[in-house]
file query-v1.pdb (PDB, C-alpha atoms, pLDDT in the B column)
ATOM      1  CA  MET A   1      32.378-146.540  93.281  1.00 53.00           C
ATOM      2  CA  PRO A   2      31.711-149.676  95.281  1.00 61.00           C
ATOM      3  CA  GLY A   3      28.044-150.288  95.984  1.00 57.00           C
ATOM      4  CA  SER A   4      26.782-147.768  93.424  1.00 57.00           C
ATOM      5  CA  PHE A   5      24.395-148.724  90.659  1.00 56.00           C
ATOM      6  CA  THR A   6      25.973-148.257  87.237  1.00 59.00           C
ATOM      7  CA  GLY A   7      23.190-149.640  85.078  1.00 56.00           C
ATOM      8  CA  GLY A   8      22.411-153.095  83.830  1.00 54.00           C
ATOM      9  CA  THR A   9      19.423-155.273  84.384  1.00 55.00           C
ATOM     10  CA  SER A  10      17.197-155.286  87.404  1.00 54.00           C
ATOM     11  CA  ASP A  11      16.034-158.433  89.154  1.00 57.00           C
ATOM     12  CA  GLY A  12      12.349-157.498  89.231  1.00 55.00           C
ATOM     13  CA  PRO A  13       9.767-157.068  86.504  1.00 55.00           C
ATOM     14  CA  ALA A  14       9.924-153.988  84.317  1.00 55.00           C
ATOM     15  CA  ILE A  15       7.956-150.910  85.288  1.00 54.00           C
ATOM     16  CA  GLY A  16       4.433-151.172  83.971  1.00 52.00           C
ATOM     17  CA  THR A  17       4.625-154.952  83.742  1.00 61.00           C
ATOM     18  CA  GLN A  18       2.023-156.561  85.953  1.00 64.00           C
ATOM     19  CA  LEU A  19       1.981-160.303  86.407  1.00 68.00           C
ATOM     20  CA  ARG A  20      -1.450-161.859  86.466  1.00 76.00           C
ATOM     21  CA  PRO A  21      -2.006-164.749  88.841  1.00 77.00           C
ATOM     22  CA  GLY A  22      -3.034-168.021  87.282  1.00 82.00           C
ATOM     23  CA  ALA A  23      -4.973-170.980  88.570  1.00 86.00           C
ATOM     24  CA  ALA A  24      -1.982-172.337  90.507  1.00 85.00           C
ATOM     25  CA  PHE A  25      -1.787-169.075  92.489  1.00 84.00           C
ATOM     26  CA  TYR A  26      -5.385-169.392  93.638  1.00 89.00           C
ATOM     27  CA  ILE A  27      -5.166-173.140  94.311  1.00 92.00           C
ATOM     28  CA  VAL A  28      -2.117-172.702  96.542  1.00 89.00           C
ATOM     29  CA  LEU A  29      -3.628-169.653  98.256  1.00 91.00           C
ATOM     30  CA  ILE A  30      -6.964-171.300  99.007  1.00 94.00           C
ATOM     31  CA  SER A  31      -5.397-174.575 100.120  1.00 95.00           C
ATOM     32  CA  ALA A  32      -3.024-172.770 102.517  1.00 92.00           C
ATOM     33  CA  ILE A  33      -5.873-170.735 103.973  1.00 95.00           C
ATOM     34  CA  VAL A  34      -8.101-173.787 104.384  1.00 96.00           C
ATOM     35  CA  LEU A  35      -5.331-175.851 105.988  1.00 95.00           C
ATOM     36  CA  PHE A  36      -4.309-173.292 108.583  1.00 94.00           C
ATOM     37  CA  THR A  37      -7.855-172.103 109.232  1.00 96.00           C
ATOM     38  CA  ALA A  38      -8.882-175.682 109.986  1.00 97.00           C
ATOM     39  CA  GLU A  39      -5.991-175.970 112.448  1.00 96.00           C
ATOM     40  CA  ILE A  40      -6.976-172.747 114.218  1.00 96.00           C
ATOM     41  CA  TRP A  41     -10.659-173.615 114.569  1.00 97.00           C
ATOM     42  CA  ILE A  42     -10.093-177.270 115.522  1.00 97.00           C
ATOM     43  CA  SER A  43      -7.713-176.079 118.248  1.00 96.00           C
ATOM     44  CA  VAL A  44     -10.250-173.531 119.501  1.00 96.00           C
ATOM     45  CA  LEU A  45     -13.053-176.080 119.567  1.00 96.00           C
ATOM     46  CA  GLY A  46     -10.749-178.574 121.301  1.00 96.00           C
ATOM     47  CA  VAL A  47      -9.840-176.035 123.991  1.00 95.00           C
ATOM     48  CA  LEU A  48     -13.494-175.168 124.580  1.00 94.00           C
ATOM     49  CA  TRP A  49     -14.468-178.833 124.719  1.00 94.00           C
ATOM     50  CA  ALA A  50     -11.623-179.641 127.129  1.00 95.00           C
ATOM     51  CA  LEU A  51     -12.403-176.711 129.431  1.00 92.00           C
ATOM     52  CA  ASP A  52     -16.078-177.580 129.405  1.00 93.00           C
ATOM     53  CA  GLY A  53     -15.391-181.207 130.321  1.00 93.00           C
ATOM     54  CA  PHE A  54     -12.584-180.575 132.798  1.00 93.00           C
ATOM     55  CA  LEU A  55     -14.267-177.732 134.685  1.00 92.00           C
ATOM     56  CA  SER A  56     -17.880-178.951 134.198  1.00 91.00           C
ATOM     57  CA  LEU A  57     -18.895-175.494 133.035  1.00 88.00           C
ATOM     58  CA  GLY A  58     -22.218-176.204 131.380  1.00 89.00           C
ATOM     59  CA  PRO A  59     -23.626-174.168 128.502  1.00 91.00           C
ATOM     60  CA  THR A  60     -23.467-170.784 130.245  1.00 93.00           C
ATOM     61  CA  GLY A  61     -19.895-171.254 131.460  1.00 92.00           C
ATOM     62  CA  THR A  62     -18.805-172.446 128.034  1.00 92.00           C
ATOM     63  CA  MET A  63     -20.301-169.325 126.436  1.00 94.00           C
ATOM     64  CA  ILE A  64     -18.532-167.098 128.947  1.00 94.00           C
ATOM     65  CA  ILE A  65     -15.212-168.789 128.150  1.00 94.00           C
ATOM     66  CA  ALA A  66     -15.918-168.660 124.389  1.00 95.00           C
ATOM     67  CA  VAL A  67     -16.587-164.902 124.310  1.00 96.00           C
ATOM     68  CA  PRO A  68     -12.898-163.854 124.380  1.00 95.00           C
ATOM     69  CA  ILE A  69     -11.587-166.910 122.525  1.00 96.00           C
ATOM     70  CA  LEU A  70     -13.797-166.852 119.406  1.00 96.00           C
ATOM     71  CA  PRO A  71     -13.059-163.241 118.338  1.00 96.00           C
ATOM     72  CA  ALA A  72      -9.345-163.911 118.808  1.00 96.00           C
ATOM     73  CA  ALA A  73      -9.620-166.987 116.572  1.00 96.00           C
ATOM     74  CA  ALA A  74     -11.575-165.008 113.975  1.00 97.00           C
ATOM     75  CA  PHE A  75      -8.894-162.299 113.982  1.00 97.00           C
ATOM     76  CA  ALA A  76      -6.153-164.923 113.645  1.00 96.00           C
ATOM     77  CA  THR A  77      -8.018-166.457 110.695  1.00 96.00           C
ATOM     78  CA  TRP A  78      -8.399-163.091 108.962  1.00 97.00           C
ATOM     79  CA  LYS A  79      -4.761-162.158 109.596  1.00 96.00           C
ATOM     80  CA  LEU A  80      -3.583-165.535 108.318  1.00 95.00           C
ATOM     81  CA  ALA A  81      -5.570-165.118 105.104  1.00 94.00           C
ATOM     82  CA  ALA A  82      -4.098-161.640 104.567  1.00 95.00           C
ATOM     83  CA  MET A  83      -0.549-162.867 105.195  1.00 94.00           C
ATOM     84  CA  ALA A  84      -1.035-165.860 102.886  1.00 92.00           C
ATOM     85  CA  PHE A  85      -2.235-163.561 100.097  1.00 92.00           C
ATOM     86  CA  GLU A  86       0.717-161.197 100.596  1.00 92.00           C
ATOM     87  CA  SER A  87       3.262-164.023 100.583  1.00 89.00           C
ATOM     88  CA  GLU A  88       1.806-165.647  97.472  1.00 87.00           C
ATOM     89  CA  ARG A  89       1.734-162.281  95.711  1.00 87.00           C
ATOM     90  CA  ASP A  90       5.379-161.703  96.643  1.00 86.00           C
ATOM     91  CA  LEU A  91       6.281-165.125  95.256  1.00 83.00           C
ATOM     92  CA  LEU A  92       4.437-164.287  92.050  1.00 80.00           C
ATOM     93  CA  ALA A  93       6.441-161.068  91.619  1.00 80.00           C
ATOM     94  CA  ALA A  94       9.799-162.707  92.457  1.00 77.00           C
ATOM     95  CA  PRO A  95      12.185-163.309  89.574  1.00 75.00           C
ATOM     96  CA  ARG A  96      12.180-166.876  88.326  1.00 73.00           C
ATOM     97  CA  GLU A  97      15.342-168.949  88.047  1.00 75.00           C
ATOM     98  CA  ASP A  98      14.166-170.983  85.018  1.00 68.00           C
ATOM     99  CA  ALA A  99      12.969-168.018  82.919  1.00 58.00           C
TER     100      ALA A  99
END
call {"tool": "encode", "arguments": {"input": "query-v1.pdb", "output": "structure tokens"}}
result
Amino acid sequence: MPGSFTGGTSDGPAIGTQLRPGAAFYIVLISAIVLFTAEIWISVLGVLWALDGFLSLGPTGTMIIAVPILPAAAFATWKLAAMAFESERDLLAAPREDA
């Protein structure tokens, strides 16, 4: 029958086989998180600095503007770290071409 599974080998690891991440996994994961986290927070600080200078807000006005922006940046950082971990874990479990 077309499209039915008749046996053979699977593309993924065998059941019960768990791949353990090595040093390269953690180096790539941490470097990706640091790179994109730096971009998020530099952008946030740049926006706050620009709004403060352009609108002459002062310390109180800057804090009022920062209240909704900083939690959003923290959430974006946390979500980015979670997505980076998931993608690196998926790459670790993917079948290798050279194996």
call {"tool": "resolve_selection", "arguments": {"input": "query-v1.pdb", "expression": "the PyMOL selection byres ((chain A and resi 81) around 12)", "output": "compact mmCIF listing (two decimals) with C-alpha atoms, in the frame of the given file"}}
result
# COMPACT_ATOMS: atom_id res chain seq x y z
CA VAL A 28 -2.12 -172.70 96.54
CA LEU A 29 -3.63 -169.65 98.26
CA ILE A 30 -6.96 -171.30 99.01
CA SER A 31 -5.40 -174.58 100.12
CA ALA A 32 -3.02 -172.77 102.52
CA ILE A 33 -5.87 -170.74 103.97
CA VAL A 34 -8.10 -173.79 104.38
CA LEU A 35 -5.33 -175.85 105.99
CA PHE A 36 -4.31 -173.29 108.58
CA THR A 37 -7.86 -172.10 109.23
CA ILE A 40 -6.98 -172.75 114.22
CA ALA A 74 -11.58 -165.01 113.98
CA PHE A 75 -8.89 -162.30 113.98
CA ALA A 76 -6.15 -164.92 113.64
CA THR A 77 -8.02 -166.46 110.70
CA TRP A 78 -8.40 -163.09 108.96
CA LYS A 79 -4.76 -162.16 109.60
CA LEU A 80 -3.58 -165.54 108.32
CA ALA A 82 -4.10 -161.64 104.57
CA MET A 83 -0.55 -162.87 105.20
CA ALA A 84 -1.03 -165.86 102.89
CA PHE A 85 -2.24 -163.56 100.10
CA GLU A 86 0.72 -161.20 100.60
CA SER A 87 3.26 -164.02 100.58
CA GLU A 88 1.81 -165.65 97.47
call {"tool": "resolve_selection", "arguments": {"input": "query-v1.pdb", "expression": "the PyMOL selection byres ((chain A and resi 21) around 12)", "output": "ChimeraX atom specification"}}
result
/A:18-20,22-29,85,88-93
call {"tool": "closest_residue", "arguments": {"input": "query-v1.pdb", "among": "A:Pro59, A:Gly46, A:Phe54, A:Trp41", "to": "Pro71 of chain A", "atoms": "only C-alpha atoms"}}
result
A:Trp41
call {"tool": "atom_distance", "arguments": {"input": "query-v1.pdb", "atom1": "atom CA of Leu57 of chain A", "atom2": "atom CA of Ala72 of chain A"}}
result
20.7 Å
call {"tool": "atom_distance", "arguments": {"input": "query-v1.pdb", "atom1": "atom CA of Ala94 of chain A", "atom2": "atom CA of Ala38 of chain A"}}
result
28.7 Å
